[in-house]
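Structure data follow from entry.csv (CSV, C-alpha atoms):
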chain,number,residue,atom,x,y,z
A,1289,MET,CA,4.8,4.8,-4.0
A,1290,SER,CA,6.0,1.3,-3.1
A,1291,GLU,CA,6.6,-1.4,-5.8
A,1292,HIS,CA,3.5,-3.2,-4.6
A,1293,GLN,CA,1.5,0.0,-5.3
A,1294,VAL,CA,3.0,0.3,-8.8
A,1295,ILE,CA,1.8,-3.1,-9.7
A,1296,LEU,CA,-1.7,-2.4,-8.5
A,1297,ASP,CA,-1.9,1.0,-10.2
A,1298,ASP,CA,-3.9,0.9,-13.5
A,1299,SER,CA,-2.1,4.0,-14.7
A,1300,PHE,CA,1.2,2.0,-14.7
A,1301,TRP,CA,-0.2,-0.6,-17.0
A,1302,LYS,CA,-1.6,2.0,-19.3
A,1303,PHE,CA,1.8,3.7,-19.3
A,1304,LEU,CA,3.5,0.4,-20.1
A,1305,VAL,CA,1.2,-0.4,-23.0
A,1306,SER,CA,1.6,3.1,-24.5
A,1307,LEU,CA,5.4,2.8,-24.1
A,1308,GLU,CA,5.5,-0.5,-25.9
A,1309,GLU,CA,3.4,1.0,-28.8
A,1310,LEU,CA,5.6,4.0,-29.3
A,1311,LYS,CA,7.2,4.0,-32.8
A,1312,ASP,CA,8.8,7.4,-32.7
A,1313,LYS,CA,9.8,9.8,-29.9
A,1314,LYS,CA,6.9,11.7,-28.5
A,1315,ASP,CA,6.6,15.0,-26.6
A,1316,LYS,CA,6.7,14.1,-23.0
A,1317,ALA,CA,4.1,16.6,-21.9
A,1318,LEU,CA,1.6,15.2,-24.5
A,1319,PHE,CA,2.4,11.7,-23.5
A,1320,CYS,CA,1.7,12.4,-19.9
A,1321,SER,CA,-1.4,14.4,-20.7
A,1322,SER,CA,-2.8,11.5,-22.8
A,1323,LEU,CA,-2.5,9.1,-19.9
A,1324,ASN,CA,-3.4,11.7,-17.2
A,1325,LEU,CA,0.0,11.3,-15.6
A,1326,ASP,CA,2.2,13.8,-13.8
A,1327,GLU,CA,6.0,13.8,-14.2
A,1328,GLU,CA,6.5,12.4,-10.7
A,1329,ALA,CA,4.5,9.3,-11.6
A,1330,LEU,CA,6.4,9.0,-14.9
A,1331,LEU,CA,9.7,9.0,-13.0
A,1332,ILE,CA,8.4,6.3,-10.6
A,1333,PHE,CA,7.4,4.1,-13.4
A,1334,GLN,CA,10.7,4.7,-15.2
A,1335,ASN,CA,12.6,3.7,-12.1
A,1336,PHE,CA,10.4,0.6,-11.7
A,1337,LEU,CA,11.3,-0.6,-15.2
A,1338,ASN,CA,15.0,0.1,-14.6
A,1339,ARG,CA,14.8,-2.6,-11.9
A,1340,PHE,CA,14.3,-5.1,-14.7
A,1341,ASN,CA,17.0,-3.6,-17.0
A,1342,VAL,CA,14.3,-2.2,-19.3
A,1343,ASN,CA,15.7,1.2,-20.5
A,1344,CYS,CA,12.9,3.7,-20.6
A,1345,LEU,CA,14.6,6.7,-22.1
A,1346,MET,CA,13.4,10.3,-21.7
A,1347,ASP,CA,14.8,13.8,-21.5
A,1348,ASP,CA,13.4,17.2,-20.7
A,1349,ASN,CA,11.2,17.3,-23.8
A,1350,PHE,CA,10.7,13.8,-25.2
A,1351,ILE,CA,10.0,10.2,-24.3
A,1352,TYR,CA,11.6,7.6,-26.6
A,1353,PRO,CA,10.5,4.1,-27.9
A,1354,LEU,CA,12.1,1.1,-26.2
A,1355,LYS,CA,15.2,0.2,-28.0
A,1356,GLU,CA,14.7,-3.5,-27.4
A,1357,LYS,CA,11.2,-5.0,-27.6
A,1358,CYS,CA,10.8,-7.4,-24.7
A,1359,ARG,CA,9.1,-10.7,-25.7
A,1360,VAL,CA,8.2,-13.6,-23.4
A,1361,GLN,CA,7.4,-16.8,-25.4
A,1362,MET,CA,5.9,-19.9,-23.9
A,1363,GLU,CA,5.0,-23.2,-25.4
A,1364,PHE,CA,2.2,-25.2,-23.9
A,1365,SER,CA,1.5,-28.9,-24.0
A,1366,LEU,CA,-2.1,-30.0,-24.4
A,1367,SER,CA,-2.6,-30.5,-20.6
A,1368,GLU,CA,-1.0,-27.1,-19.8
A,1369,TRP,CA,-3.2,-25.3,-22.4
A,1370,PHE,CA,-6.4,-27.0,-21.1
A,1371,ALA,CA,-5.3,-26.1,-17.5
A,1372,LEU,CA,-4.7,-22.5,-18.4
A,1373,GLN,CA,-8.2,-22.2,-19.9
A,1374,ALA,CA,-9.7,-23.9,-16.9
A,1375,THR,CA,-7.9,-21.4,-14.6
A,1376,PHE,CA,-9.0,-18.3,-16.4
A,1377,GLN,CA,-12.5,-19.5,-17.2
A,1378,GLY,CA,-13.2,-20.1,-13.6
A,1379,ALA,CA,-13.7,-23.9,-13.8
A,1380,LYS,CA,-15.2,-25.1,-10.5
A,1381,SER,CA,-13.7,-27.8,-8.4
A,1382,GLN,CA,-14.5,-29.1,-4.9
A,1383,GLU,CA,-10.7,-29.1,-4.1
A,1384,CYS,CA,-9.1,-26.1,-2.5
A,1385,ASN,CA,-6.2,-26.4,-4.8
A,1386,PRO,CA,-7.3,-28.3,-7.9
A,1387,TYR,CA,-4.8,-30.2,-10.0
A,1388,PHE,CA,-5.1,-27.9,-13.0
A,1389,HIS,CA,-3.9,-25.1,-10.8
A,1390,LYS,CA,-0.8,-27.1,-9.9
A,1391,ILE,CA,-0.1,-27.7,-13.6
A,1392,ILE,CA,-0.2,-23.9,-14.3
A,1393,GLN,CA,1.9,-23.1,-11.2
A,1394,ASN,CA,4.6,-25.5,-12.4
A,1395,LYS,CA,4.5,-23.9,-15.8
A,1396,MET,CA,4.8,-20.4,-14.4
A,1397,LEU,CA,7.8,-21.4,-12.2
A,1398,VAL,CA,9.6,-22.8,-15.3
A,1399,ALA,CA,8.8,-19.6,-17.3
A,1400,GLN,CA,9.9,-17.3,-14.4
A,1401,LYS,CA,13.3,-19.2,-14.3
A,1402,ALA,CA,13.6,-18.8,-18.1
A,1403,TYR,CA,12.8,-15.1,-18.0
A,1404,GLU,CA,14.4,-14.2,-14.6
A,1405,GLN,CA,15.0,-10.6,-15.8
A,1406,PHE,CA,11.2,-9.9,-15.9
A,1407,ASN,CA,10.2,-11.7,-12.7
A,1408,LEU,CA,7.9,-9.3,-10.8
A,1409,TYR,CA,8.4,-11.3,-7.6
A,1410,LYS,CA,12.0,-12.2,-7.1
A,1411,LYS,CA,11.3,-14.7,-4.3
A,1412,PRO,CA,8.1,-16.4,-3.2
A,1413,VAL,CA,6.3,-14.3,-0.6
A,1414,ASN,CA,5.3,-15.9,2.6
A,1415,VAL,CA,2.4,-13.7,3.8
A,1416,ALA,CA,2.6,-14.8,7.4
A,1417,THR,CA,6.4,-14.2,7.5
A,1418,VAL,CA,6.1,-10.7,5.9
A,1419,GLN,CA,3.3,-9.8,8.3
A,1420,ALA,CA,5.4,-10.9,11.3
A,1421,GLU,CA,8.4,-8.9,10.1
A,1422,ILE,CA,6.2,-5.8,9.7
A,1423,GLU,CA,4.8,-6.3,13.2
A,1424,ASN,CA,8.3,-6.5,14.6
A,1425,LEU,CA,9.3,-3.3,12.8
A,1426,LYS,CA,6.2,-1.5,14.1
A,1427,LYS,CA,7.2,-2.5,17.7
A,1428,LYS,CA,10.8,-1.4,17.3
A,1429,ILE,CA,9.8,2.0,15.8
A,1430,ASP,CA,7.0,2.5,18.4
A,1431,TYR,CA,9.5,1.8,21.1
A,1432,ASN,CA,12.0,4.4,19.8
A,1433,ILE,CA,9.2,6.9,19.5
A,1434,CYS,CA,8.2,6.4,23.1
A,1435,TYR,CA,11.7,6.5,24.4
A,1436,ARG,CA,12.8,9.4,22.1
A,1437,LYS,CA,15.6,7.5,20.4
A,1438,MET,CA,17.2,8.0,17.0
A,1439,LEU,CA,16.9,5.3,14.3
A,1440,ASN,CA,19.1,4.1,11.5
A,1441,VAL,CA,16.6,3.0,8.8
A,1442,VAL,CA,17.8,0.5,6.1
A,1443,PHE,CA,15.5,0.0,3.1
A,1444,HIS,CA,15.0,-3.0,0.9
A,1445,ASN,CA,16.9,-1.2,-1.9
A,1446,ASN,CA,20.0,-1.0,0.5
A,1447,LYS,CA,19.7,2.8,0.9
A,1448,ASP,CA,19.5,4.1,4.5
A,1449,CYS,CA,18.9,7.3,6.5
A,1450,ILE,CA,19.0,8.4,10.1
A,1451,ILE,CA,15.8,9.9,11.6
A,1452,TYR,CA,14.3,11.0,14.9
A,1453,PRO,CA,11.0,9.0,14.6
A,1454,LEU,CA,7.9,11.0,15.5
A,1455,ARG,CA,4.8,9.2,14.5
A,1456,LEU,CA,3.5,5.9,13.0
A,1457,VAL,CA,0.4,6.8,10.9
A,1458,PHE,CA,-1.6,5.5,7.9
A,1459,LEU,CA,-1.0,7.6,4.8
A,1460,ASP,CA,-2.7,6.8,1.5
A,1461,GLY,CA,-3.7,3.4,3.0
A,1462,ILE,CA,-0.1,2.4,4.0
A,1463,LEU,CA,1.4,2.4,7.5
A,1464,CYS,CA,4.2,5.0,7.4
A,1465,VAL,CA,6.7,6.3,9.8
A,1466,ILE,CA,7.2,10.1,10.0
A,1467,GLY,CA,10.5,11.4,11.3
A,1468,GLU,CA,12.9,14.3,11.4
A,1469,ASN,CA,15.9,13.8,9.1
A,1470,TYR,CA,19.1,13.9,11.2
A,1471,LEU,CA,21.1,15.6,8.4
A,1472,ASP,CA,18.9,18.4,7.1
A,1473,LYS,CA,16.2,18.6,9.9
A,1474,THR,CA,13.3,18.2,7.5
A,1475,LEU,CA,10.2,16.0,7.9
A,1476,VAL,CA,10.3,12.8,6.0
A,1477,TYR,CA,8.0,9.8,5.7
A,1478,PHE,CA,8.1,6.3,4.2
A,1479,GLY,CA,6.1,3.1,4.2
A,1480,VAL,CA,7.0,0.5,6.9
A,1481,GLU,CA,6.7,-2.1,4.1
A,1482,ASP,CA,9.6,-0.5,2.3
A,1483,ILE,CA,11.9,-0.9,5.4
A,1484,ASP,CA,14.3,-3.8,5.7
A,1485,SER,CA,15.6,-3.1,9.2
A,1486,VAL,CA,15.8,-0.5,11.9
A,1487,ASN,CA,18.6,0.0,14.5
A,1488,GLU,CA,19.0,2.4,17.3
A,1489,TYR,CA,21.4,5.2,16.5
A,1490,PRO,CA,23.5,6.0,19.6
A,1491,LYS,CA,23.2,9.8,19.7
A,1492,ASN,CA,21.0,12.2,21.6
A,1493,TYR,CA,18.8,14.5,19.5
A,1494,GLU,CA,16.5,17.4,20.2
A,1495,PRO,CA,13.7,17.6,17.6
A,1496,ASN,CA,13.1,21.0,15.9
A,1497,LEU,CA,9.5,20.5,15.0
A,1498,SER,CA,6.4,20.7,17.3
A,1499,GLN,CA,3.4,18.4,17.3
A,1500,ILE,CA,1.3,21.1,15.7
A,1501,GLU,CA,3.8,21.2,12.7
A,1502,ILE,CA,3.7,17.4,12.5
A,1503,ASN,CA,-0.2,17.5,12.4
A,1504,GLU,CA,-0.1,20.2,9.7
A,1505,PHE,CA,2.3,18.0,7.7
A,1506,ILE,CA,-0.1,15.0,7.9
A,1507,ASN,CA,-3.1,17.3,7.0
A,1508,HIS,CA,-1.2,18.6,3.9
A,1509,LEU,CA,-0.4,15.1,2.8
A,1510,ARG,CA,-4.0,14.0,3.2
A,1511,LEU,CA,-5.2,17.0,1.1
A,1512,ILE,CA,-3.0,15.7,-1.7
A,1513,ASN,CA,-4.2,12.1,-1.3
A,1514,GLY,CA,-7.9,13.3,-1.2
A,1515,LYS,CA,-9.1,10.3,0.9
A,1516,ASP,CA,-10.3,12.2,4.0
A,1517,GLU,CA,-13.8,11.6,5.2
A,1518,ARG,CA,-15.8,13.1,8.1
A,1519,LEU,CA,-16.9,9.8,9.7
A,1520,ILE,CA,-19.8,10.0,12.2
A,1521,LEU,CA,-20.7,6.9,14.3
A,1522,LYS,CA,-23.4,6.1,16.8
A,1523,ILE,CA,-21.9,4.0,19.6
A,1524,TYR,CA,-24.3,1.8,21.6
A,1525,SER,CA,-21.8,0.4,24.1
A,1526,GLN,CA,-18.9,2.8,24.7
A,1527,TYR,CA,-17.3,0.7,27.5
A,1528,GLU,CA,-16.6,-2.2,25.1
A,1529,THR,CA,-15.5,-0.1,22.2
A,1530,ASP,CA,-12.0,1.1,21.2
A,1531,LEU,CA,-12.6,4.7,20.0
A,1532,LEU,CA,-9.0,5.3,19.0
A,1533,PRO,CA,-8.0,3.2,16.0
A,1534,SER,CA,-4.2,2.5,16.2
A,1535,PHE,CA,-1.9,4.5,14.0
A,1536,HIS,CA,-4.6,6.7,12.6
A,1537,PHE,CA,-4.6,10.5,12.7
A,1538,LEU,CA,-8.0,11.9,13.8
A,1539,GLY,CA,-8.8,15.4,12.6
A,1540,ASN,CA,-11.1,17.5,14.7
A,1541,PRO,CA,-12.4,14.6,16.9
A,1542,PHE,CA,-15.7,15.2,18.6
A,1543,VAL,CA,-17.8,13.2,21.0
A,1544,THR,CA,-21.3,13.9,22.4
A,1545,SER,CA,-24.5,12.1,23.4
A,1546,ASN,CA,-27.9,12.1,21.9
A,1547,PRO,CA,-31.1,12.3,23.9
A,1548,GLU,CA,-31.4,8.5,24.0
A,1549,GLY,CA,-28.0,8.3,25.8
A,1550,ASP,CA,-26.1,6.9,22.8
A,1551,MET,CA,-22.6,8.3,22.1
A,1552,ILE,CA,-22.0,10.2,18.8
A,1553,TRP,CA,-18.4,10.0,17.7
A,1554,ALA,CA,-17.0,12.0,14.8
A,1555,ALA,CA,-13.6,12.6,13.3
A,1556,THR,CA,-12.0,13.4,10.0
A,1557,ILE,CA,-10.1,10.2,9.0
A,1558,GLU,CA,-8.4,8.7,6.0
A,1559,MET,CA,-10.5,5.8,4.9
A,1560,CYS,CA,-8.6,2.6,4.1
A,1561,ASP,CA,-8.8,-1.2,4.7
A,1562,ASP,CA,-7.5,-0.9,8.2
A,1563,ILE,CA,-10.3,1.5,9.2
A,1564,PHE,CA,-12.9,-1.0,7.8
A,1565,LEU,CA,-11.3,-3.7,9.9
A,1566,TRP,CA,-11.5,-1.4,13.0
A,1567,LEU,CA,-15.2,-0.8,12.3
A,1568,TYR,CA,-15.7,-4.5,11.7
A,1569,SER,CA,-14.3,-5.3,15.2
A,1570,MET,CA,-17.2,-3.3,16.8
A,1571,LYS,CA,-19.9,-3.8,14.1
A,1572,ASP,CA,-22.4,-5.1,16.7
A,1573,ARG,CA,-21.9,-2.0,19.0
A,1574,MET,CA,-22.0,0.9,16.5
A,1575,GLU,CA,-23.7,2.3,13.4
A,1576,ILE,CA,-22.3,4.5,10.7
A,1577,LEU,CA,-24.5,7.6,10.5
A,1578,ASP,CA,-22.5,9.4,7.8
A,1579,PRO,CA,-21.3,9.5,5.0
A,1580,GLY,CA,-23.9,7.3,3.3
A,1581,HIS,CA,-21.4,5.9,0.7
A,1582,ILE,CA,-19.1,4.7,3.5
A,1583,ARG,CA,-22.1,3.0,5.2
A,1584,LYS,CA,-22.8,1.1,1.9
A,1585,GLU,CA,-19.1,0.2,1.4
A,1586,PHE,CA,-18.9,-1.1,5.0
A,1587,SER,CA,-22.0,-3.2,4.5
A,1588,HIS,CA,-20.4,-4.8,1.4
A,1589,PHE,CA,-17.2,-5.3,3.4
A,1590,CYS,CA,-19.1,-7.2,6.1
A,1591,GLU,CA,-20.7,-9.4,3.4
A,1592,LEU,CA,-17.3,-10.3,1.9
A,1593,LYS,CA,-15.9,-11.0,5.4
A,1594,LYS,CA,-18.8,-13.3,6.2
A,1595,GLN,CA,-18.4,-15.2,2.9
A,1596,ASN,CA,-14.7,-15.5,3.5
A,1597,ASP,CA,-15.3,-16.8,7.0
A,1598,ASP,CA,-17.9,-19.3,5.7
A,1599,LEU,CA,-15.4,-20.6,3.1
A,1600,LYS,CA,-12.8,-21.1,5.8
A,1601,LYS,CA,-15.2,-23.1,8.0
A,1602,ALA,CA,-16.2,-25.2,5.0
A,1603,SER,CA,-12.6,-26.0,4.2
Encoded form (structure tokens):
Amino acid sequence: MSEHQVILDDSFWKFLVSLEELKDKKDKALFCSSLNLDEEALLIFQNFLNRFNVNCLMDDNFIYPLKEKCRVQMEFSLSEWFALQATFQGAKSQECNPYFHKIIQNKMLVAQKAYEQFNLYKKPVNVATVQAEIENLKKKIDYNICYRKMLNVVFHNNKDCIIYPLRLVFLDGILCVIGENYLDKTLVYFGVEDIDSVNEYPKNYEPNLSQIEINEFINHLRLINGKDERLILKIYSQYETDLLPSFHFLGNPFVTSNPEGDMIWAATIEMCDDIFLWLYSMKDRMEILDPGHIRKEFSHFCELKKQNDDLKKAS
């Protein structure tokens, strides 16, 4: 689980609130059970807090209260207090970036500097730059997969590993690289967003695992994630339609035609935002036949895209 996923995971916030409320040590198994957490998630959350020098202590049996209660105190002027209320109460403004937003942004910058230890975002994120960096990584990894070259992968946390890259594929909604570890010959995978850089490793390597074993590895991971759907589409214009979404593993793909001459496309696929974008790119040339709940979710997705496009045009 990446840091971005931790922040968006409701179970992390429930864990953090429960941890802050602990007065005495508590049986770890009971603590996890009350929050519907497994020990793996608990360890991920503990490591995440360690990044901010927040000591979440636990042993084999117990989890312990925080030794130091972390408090962030902010004093607001009248204009800042009014601006904060306007921001959270959804005050409407014709401006794209109303002035009261600027007041709150400035206040948050001051607070983040004052409490640097607890800053979730260490540096401002330029979305376009991050996207360009990820695209560049994808191209480099894809190149090394095509030309069967080893990679030295360096992560944002400064750790690294040497792999023989085998596949770029979406897992649990995140684009991941699957590879064979150079040292112990096992299959490993990690999100492209967690990678800082990749460089070609100048050694020849013969992989030990077959494509069938790689496919089984992906299927097992998807069973754990539980997001597989048997997607069935009716394609009206197959010659203008991309039937192979990039970096997605299609389980048991099947294509046939109905009596009217329309193509029926089916595959077991992991549903995520990228699949909805793929479907949206051919929305006028296809129809979702099954499952019904995906058809409804896609209809809602199209409405949101239209509203967003209208807002962009208006601005």
- Query: In Å, how far is it from CA of Glu1517 in chain A to CA of Pro1547 in chain A?
  - Reply: 25.5 Å
- Mind pulling up the distance from CA of Arg1518 in chain A to CA of Ile1552 in chain A?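 Pair CA of Ile1552 in chain A / CA of Arg1518 in chain A returns 12.7 Å.
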Closest pair table for range 1505-1600 of chain A residues within 6 Å of range 1448-1472 of chain A, all atoms listed in the file, as a Markdown table:
| residue | atom | partner | partner_atom | distance |
| --- | --- | --- | --- | --- |
| A:Phe1535 | CA | A:Val1457 | CA | 4.5 |
| A:His1536 | CA | A:Val1457 | CA | 5.3 |
| A:Cys1560 | CA | A:Gly1461 | CA | 5.1 |
- Å distance separating CA of Lys1426 in chain A from CA of Val1480 in chain A, one decimal place: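 So the answer is 7.5 Å.
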- Task: Pick out the closest residue to Asn1445 in chain A from this set: A:Leu1567, A:Ile1483, A:Val1360, A:Met1551. Count only C-alpha atoms.
- Result: A:Ile1483
- From the list A:Met1362, A:Leu1425, A:Leu1538, A:Leu1372, which residue is nearest Tyr1403 in chain A when using only C-alpha atoms?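 Selected residue with least distance to Tyr1403 in chain A: A:Met1362.
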My structure is short of atoms at range 1311-1341 of chain A; please model N, CA and C atoms there, returning them as an mmCIF file, keeping the file's coordinate frame.
data_model
loop_
_atom_site.group_PDB
_atom_site.id
_atom_site.type_symbol
_atom_site.label_atom_id
_atom_site.label_comp_id
_atom_site.auth_asym_id
_atom_site.auth_seq_id
_atom_site.Cartn_x
_atom_site.Cartn_y
_atom_site.Cartn_z
ATOM 1 N N LYS A 1311 6.373 4.237 -31.588
ATOM 2 C CA LYS A 1311 7.200 4.000 -32.800
ATOM 3 C C LYS A 1311 8.274 5.072 -32.919
ATOM 4 N N ASP A 1312 7.922 6.298 -32.554
ATOM 5 C CA ASP A 1312 8.800 7.400 -32.700
ATOM 6 C C ASP A 1312 8.802 8.200 -31.326
ATOM 7 N N LYS A 1313 9.809 9.046 -31.149
ATOM 8 C CA LYS A 1313 9.800 9.800 -29.900
ATOM 9 C C LYS A 1313 8.569 10.720 -29.860
ATOM 10 N N LYS A 1314 8.120 10.966 -28.624
ATOM 11 C CA LYS A 1314 6.900 11.700 -28.500
ATOM 12 C C LYS A 1314 7.108 12.813 -27.398
ATOM 13 N N ASP A 1315 6.491 13.951 -27.617
ATOM 14 C CA ASP A 1315 6.600 15.000 -26.600
ATOM 15 C C ASP A 1315 6.139 14.518 -25.271
ATOM 16 N N LYS A 1316 6.990 14.715 -24.280
ATOM 17 C CA LYS A 1316 6.700 14.100 -23.000
ATOM 18 C C LYS A 1316 5.464 14.697 -22.321
ATOM 19 N N ALA A 1317 5.246 15.989 -22.507
ATOM 20 C CA ALA A 1317 4.100 16.600 -21.900
ATOM 21 C C ALA A 1317 2.775 16.036 -22.537
ATOM 22 N N LEU A 1318 2.791 15.820 -23.863
ATOM 23 C CA LEU A 1318 1.600 15.200 -24.500
ATOM 24 C C LEU A 1318 1.420 13.788 -24.102
ATOM 25 N N PHE A 1319 2.521 13.054 -23.970
ATOM 26 C CA PHE A 1319 2.400 11.700 -23.500
ATOM 27 C C PHE A 1319 1.804 11.572 -22.153
ATOM 28 N N CYS A 1320 2.263 12.409 -21.239
ATOM 29 C CA CYS A 1320 1.700 12.400 -19.900
ATOM 30 C C CYS A 1320 0.243 12.826 -19.882
ATOM 31 N N SER A 1321 -0.064 13.849 -20.684
ATOM 32 C CA SER A 1321 -1.400 14.400 -20.700
ATOM 33 C C SER A 1321 -2.408 13.291 -21.260
ATOM 34 N N SER A 1322 -1.971 12.523 -22.266
ATOM 35 C CA SER A 1322 -2.800 11.500 -22.800
ATOM 36 C C SER A 1322 -3.168 10.382 -21.848
ATOM 37 N N LEU A 1323 -2.283 10.201 -20.861
ATOM 38 C CA LEU A 1323 -2.500 9.100 -19.900
ATOM 39 C C LEU A 1323 -2.892 9.700 -18.497
ATOM 40 N N ASN A 1324 -3.061 11.026 -18.441
ATOM 41 C CA ASN A 1324 -3.400 11.700 -17.200
ATOM 42 C C ASN A 1324 -2.377 11.395 -16.093
ATOM 43 N N LEU A 1325 -1.091 11.496 -16.488
ATOM 44 C CA LEU A 1325 0.000 11.300 -15.600
ATOM 45 C C LEU A 1325 0.737 12.570 -15.273
ATOM 46 N N ASP A 1326 1.333 12.674 -14.084
ATOM 47 C CA ASP A 1326 2.200 13.800 -13.800
ATOM 48 C C ASP A 1326 3.674 13.264 -13.956
ATOM 49 N N GLU A 1327 4.628 14.182 -13.962
ATOM 50 C CA GLU A 1327 6.000 13.800 -14.200
ATOM 51 C C GLU A 1327 6.576 12.957 -13.038
ATOM 52 N N GLU A 1328 6.048 13.175 -11.840
ATOM 53 C CA GLU A 1328 6.500 12.400 -10.700
ATOM 54 C C GLU A 1328 6.156 10.917 -10.887
ATOM 55 N N ALA A 1329 4.904 10.643 -11.329
ATOM 56 C CA ALA A 1329 4.500 9.300 -11.600
ATOM 57 C C ALA A 1329 5.318 8.658 -12.720
ATOM 58 N N LEU A 1330 5.589 9.466 -13.730
ATOM 59 C CA LEU A 1330 6.400 9.000 -14.900
ATOM 60 C C LEU A 1330 7.768 8.550 -14.406
ATOM 61 N N LEU A 1331 8.366 9.323 -13.514
ATOM 62 C CA LEU A 1331 9.700 9.000 -13.000
ATOM 63 C C LEU A 1331 9.653 7.715 -12.152
ATOM 64 N N ILE A 1332 8.598 7.553 -11.367
ATOM 65 C CA ILE A 1332 8.400 6.300 -10.600
ATOM 66 C C ILE A 1332 8.343 5.112 -11.451
ATOM 67 N N PHE A 1333 7.552 5.215 -12.527
ATOM 68 C CA PHE A 1333 7.400 4.100 -13.400
ATOM 69 C C PHE A 1333 8.687 3.796 -14.186
ATOM 70 N N GLN A 1334 9.420 4.849 -14.546
ATOM 71 C CA GLN A 1334 10.700 4.700 -15.200
ATOM 72 C C GLN A 1334 11.686 3.912 -14.303
ATOM 73 N N ASN A 1335 11.754 4.317 -13.035
ATOM 74 C CA ASN A 1335 12.600 3.700 -12.100
ATOM 75 C C ASN A 1335 12.230 2.204 -11.842
ATOM 76 N N PHE A 1336 10.925 1.955 -11.859
ATOM 77 C CA PHE A 1336 10.400 0.600 -11.700
ATOM 78 C C PHE A 1336 10.903 -0.305 -12.824
ATOM 79 N N LEU A 1337 10.819 0.192 -14.055
ATOM 80 C CA LEU A 1337 11.300 -0.600 -15.200
ATOM 81 C C LEU A 1337 12.784 -0.787 -15.198
ATOM 82 N N ASN A 1338 13.508 0.197 -14.707
ATOM 83 C CA ASN A 1338 15.000 0.100 -14.600
ATOM 84 C C ASN A 1338 15.378 -1.125 -13.766
ATOM 85 N N ARG A 1339 14.523 -1.468 -12.797
ATOM 86 C CA ARG A 1339 14.800 -2.600 -11.900
ATOM 87 C C ARG A 1339 14.912 -3.907 -12.727
ATOM 88 N N PHE A 1340 14.250 -3.934 -13.896
ATOM 89 C CA PHE A 1340 14.300 -5.100 -14.700
ATOM 90 C C PHE A 1340 15.161 -4.947 -15.970
ATOM 91 N N ASN A 1341 16.058 -3.951 -15.875
ATOM 92 C CA ASN A 1341 17.000 -3.600 -17.000
ATOM 93 C C ASN A 1341 16.226 -3.301 -18.268
#
